[in-house]
Structure formats: C-alpha cells, structure tokens
Amino acid sequence: EIYTNKYLSNGGTRQKFFFESWGMPASFKNVEDKSAGIFSRKVDELTATFNTLSSLYGDDDALKMVKIQPGILAFNKNDFGPSLEAFGEKFGVEESKAMIVRNPGLLSTKRLGAEAADDLTMQLSYVVEFTRPIGAAGPILLV
C-alpha cells in the first residue's frame, strides 16, 4: 500500500509529465502510452520482495525501510542476500544490517559493489539517517 500510493497513484499507469502536451493543438489526440513505468510492479512481486526483506532484516526493520524509501520494493530482491553477505564480511553482519536500515538505498547494491565498500559507506549511512528528517534542502542549509 505504501509503495502503490507513492508510485502508482493512478491505477498503475504512468503519469504524464506536464511538458508532454506543450505546443500541441487542442484537437491533438496522443497515442495512449501503454509502456510500463520503472516502478510498475505487480502486488505479488512487491510481496515477494518484502518477504525477502523480512527474512533478512526482520519484519520491523523491513517495514521501517519501506516507509523510509518505498522504491526499494522495485529493487532486485535476488541481490539483497549476496550484498548483505559482502557487507557482512567487511563490517560484520549486525553492523551491516544496521547500516542498510539507516540507508535503504544500499539495497540496490550488487555483491561486487558491496565487496568494494569501504568505511566511508558506513559513515555516510549515519549522514543519510541524520539528514533525512530535514528534507532535500537540509544538506544545503548545513553547508
């Protein structure tokens, strides 16, 4: 529900950008775009991805991550386990889980990217968590 409210607000069809009708006469009928958007997913796919998150991080942390960043349900769920293992080899499993809960965007990382992670990845997860409540303009105000 969180995912569909954010990304599929009009029944799963892609929302048109405001500039897609600029300069066209009122009589112009655009061919209906039936292409799927980047975030379009079926409910069973979203459920399977959430279940994968729950099995790796627990129900509470999985829900917390989805509330923070609903788009993670569109990520490839097959990368979640291998990347967590790679992060775990570098930082320890529990520390890696906490790092990913702070910065759910790390779920998009493939195993090779996770293997290349350094201490800066861990440090930036704290920055992401700290700056999230102050919004998009917050980092600019901090500088």
# chains A, B, ... in the order shown; residues from 1 in each chain; ligands from 1
>>> residues_around(residues="stretch 59-70 of chain A", least_positions_apart="4", cutoff="6 Å", atoms="only C-alpha atoms", output="PDB file with N, CA and C atoms, in the first residue's frame")
ATOM      1  N   TYR A   3       3.875   1.536  -1.151  1.00  0.00           N
ATOM      2  CA  TYR A   3       4.508   1.598  -2.470  1.00  0.00           C
ATOM      3  C   TYR A   3       3.531   2.090  -3.530  1.00  0.00           C
ATOM      4  N   LEU A  53      12.971  -9.129   2.221  1.00  0.00           N
ATOM      5  CA  LEU A  53      13.491  -8.160   3.197  1.00  0.00           C
ATOM      6  C   LEU A  53      13.223  -8.632   4.622  1.00  0.00           C
ATOM      7  N   SER A  54      12.014  -9.117   4.867  1.00  0.00           N
ATOM      8  CA  SER A  54      11.644  -9.578   6.209  1.00  0.00           C
ATOM      9  C   SER A  54      12.498 -10.751   6.653  1.00  0.00           C
ATOM     10  N   VAL A 101      19.616  -0.478   7.190  1.00  0.00           N
ATOM     11  CA  VAL A 101      18.367   0.087   7.720  1.00  0.00           C
ATOM     12  C   VAL A 101      18.467   1.616   7.758  1.00  0.00           C
ATOM     13  N   PRO A 104      18.459   2.641   3.258  1.00  0.00           N
ATOM     14  CA  PRO A 104      17.882   1.564   2.461  1.00  0.00           C
ATOM     15  C   PRO A 104      18.288   1.580   0.995  1.00  0.00           C
TER      16      PRO A 104
END
>>> select_by_dssp(residues="stretch 62-131 of chain A", states="alpha helix (DSSP H)", output="PyMOL selection string")
chain A and resi 62-68+80-91+93-102+111-115+119-131
>>> closest_residue(among="A:Ala98, A:Val128, A:Gly92, A:Thr49", to="A:Asn78", atoms="only C-alpha atoms")
A:Thr49
>>> atom_distance(atom1="atom CA of A:Ile134", atom2="atom CA of A:Leu107")
22.4 Å
>>> residues_around(residues="A:Ser108", least_positions_apart="2", cutoff="6 Å", atoms="only C-alpha atoms", output="ChimeraX atom specification")
/A:75,105-106
>>> write_last_selection(atoms="N, CA, C and O atoms", output="compact mmCIF listing (two decimals), in the first residue's frame")
# COMPACT_ATOMS: atom_id res chain seq x y z
N PHE A 75 13.57 -2.84 -6.27
CA PHE A 75 14.94 -3.35 -6.45
C PHE A 75 14.91 -4.85 -6.68
O PHE A 75 13.96 -5.53 -6.34
N GLY A 105 18.79 2.69 0.51
CA GLY A 105 19.26 2.75 -0.87
C GLY A 105 20.39 1.77 -1.14
O GLY A 105 20.62 1.37 -2.29
N LEU A 106 21.08 1.35 -0.10
CA LEU A 106 22.15 0.37 -0.25
C LEU A 106 21.64 -1.00 -0.70
O LEU A 106 22.41 -1.84 -1.14
>>> residues_around(residues="A:Thr109", least_positions_apart="6", cutoff="12 Å", atoms="only C-alpha atoms", output="PyMOL selection string")
chain A and resi 72+75-87+100+103+115-117+121
>>> atom_distance(atom1="atom CA of A:Val43", atom2="atom CA of A:Lys110")
23.7 Å
>>> atom_distance(atom1="atom CA of A:Asn51", atom2="atom CA of A:Leu73")
10.2 Å
>>> decode(residues="stretch 54-70 of chain A", atoms="N, CA, C and O atoms", output="JSON list (two decimals), in the first residue's frame")
[["chain", "number", "residue", "atom", "x", "y", "z"],
["A", 54, "SER", "N", 12.01, -9.12, 4.87],
["A", 54, "SER", "CA", 11.64, -9.58, 6.21],
["A", 54, "SER", "C", 12.50, -10.75, 6.65],
["A", 54, "SER", "O", 12.88, -10.84, 7.82],
["A", 55, "SER", "N", 12.80, -11.65, 5.74],
["A", 55, "SER", "CA", 13.60, -12.82, 6.11],
["A", 55, "SER", "C", 15.04, -12.44, 6.45],
["A", 55, "SER", "O", 15.67, -13.08, 7.27],
["A", 56, "LEU", "N", 15.54, -11.38, 5.82],
["A", 56, "LEU", "CA", 16.92, -10.96, 6.07],
["A", 56, "LEU", "C", 17.05, -9.99, 7.24],
["A", 56, "LEU", "O", 18.01, -10.06, 8.01],
["A", 57, "TYR", "N", 16.08, -9.07, 7.38],
["A", 57, "TYR", "CA", 16.21, -7.98, 8.35],
["A", 57, "TYR", "C", 15.19, -8.02, 9.48],
["A", 57, "TYR", "O", 15.30, -7.23, 10.42],
["A", 58, "GLY", "N", 14.19, -8.87, 9.36],
["A", 58, "GLY", "CA", 13.11, -8.90, 10.35],
["A", 58, "GLY", "C", 11.97, -8.01, 9.90],
["A", 58, "GLY", "O", 12.16, -7.07, 9.12],
["A", 59, "ASP", "N", 10.78, -8.31, 10.39],
["A", 59, "ASP", "CA", 9.57, -7.60, 9.95],
["A", 59, "ASP", "C", 9.61, -6.11, 10.26],
["A", 59, "ASP", "O", 9.27, -5.27, 9.43],
["A", 60, "ASP", "N", 10.03, -5.77, 11.47],
["A", 60, "ASP", "CA", 10.02, -4.36, 11.88],
["A", 60, "ASP", "C", 10.99, -3.52, 11.05],
["A", 60, "ASP", "O", 10.63, -2.43, 10.59],
["A", 61, "ASP", "N", 12.21, -4.02, 10.86],
["A", 61, "ASP", "CA", 13.19, -3.26, 10.08],
["A", 61, "ASP", "C", 12.80, -3.20, 8.61],
["A", 61, "ASP", "O", 13.02, -2.18, 7.95],
["A", 62, "ALA", "N", 12.21, -4.28, 8.09],
["A", 62, "ALA", "CA", 11.76, -4.27, 6.69],
["A", 62, "ALA", "C", 10.69, -3.21, 6.49],
["A", 62, "ALA", "O", 10.75, -2.43, 5.52],
["A", 63, "LEU", "N", 9.73, -3.15, 7.39],
["A", 63, "LEU", "CA", 8.67, -2.14, 7.29],
["A", 63, "LEU", "C", 9.24, -0.73, 7.44],
["A", 63, "LEU", "O", 8.84, 0.19, 6.72],
["A", 64, "LYS", "N", 10.18, -0.57, 8.35],
["A", 64, "LYS", "CA", 10.82, 0.73, 8.55],
["A", 64, "LYS", "C", 11.51, 1.20, 7.26],
["A", 64, "LYS", "O", 11.38, 2.35, 6.86],
["A", 65, "MET", "N", 12.23, 0.28, 6.60],
["A", 65, "MET", "CA", 12.92, 0.65, 5.36],
["A", 65, "MET", "C", 11.94, 1.00, 4.25],
["A", 65, "MET", "O", 12.18, 1.93, 3.48],
["A", 66, "VAL", "N", 10.84, 0.26, 4.15],
["A", 66, "VAL", "CA", 9.84, 0.55, 3.12],
["A", 66, "VAL", "C", 9.18, 1.89, 3.37],
["A", 66, "VAL", "O", 8.89, 2.64, 2.44],
["A", 67, "LYS", "N", 8.94, 2.23, 4.63],
["A", 67, "LYS", "CA", 8.35, 3.54, 4.94],
["A", 67, "LYS", "C", 9.32, 4.67, 4.61],
["A", 67, "LYS", "O", 8.91, 5.73, 4.15],
["A", 68, "ILE", "N", 10.61, 4.43, 4.84],
["A", 68, "ILE", "CA", 11.63, 5.44, 4.53],
["A", 68, "ILE", "C", 11.75, 5.63, 3.02],
["A", 68, "ILE", "O", 11.77, 6.74, 2.52],
["A", 69, "GLN", "N", 11.84, 4.51, 2.30],
["A", 69, "GLN", "CA", 12.08, 4.56, 0.86],
["A", 69, "GLN", "C", 11.27, 3.46, 0.16],
["A", 69, "GLN", "O", 11.79, 2.37, -0.08],
["A", 70, "PRO", "N", 10.01, 3.73, -0.19],
["A", 70, "PRO", "CA", 9.17, 2.70, -0.80],
["A", 70, "PRO", "C", 9.73, 2.12, -2.09],
["A", 70, "PRO", "O", 9.44, 0.98, -2.44]]
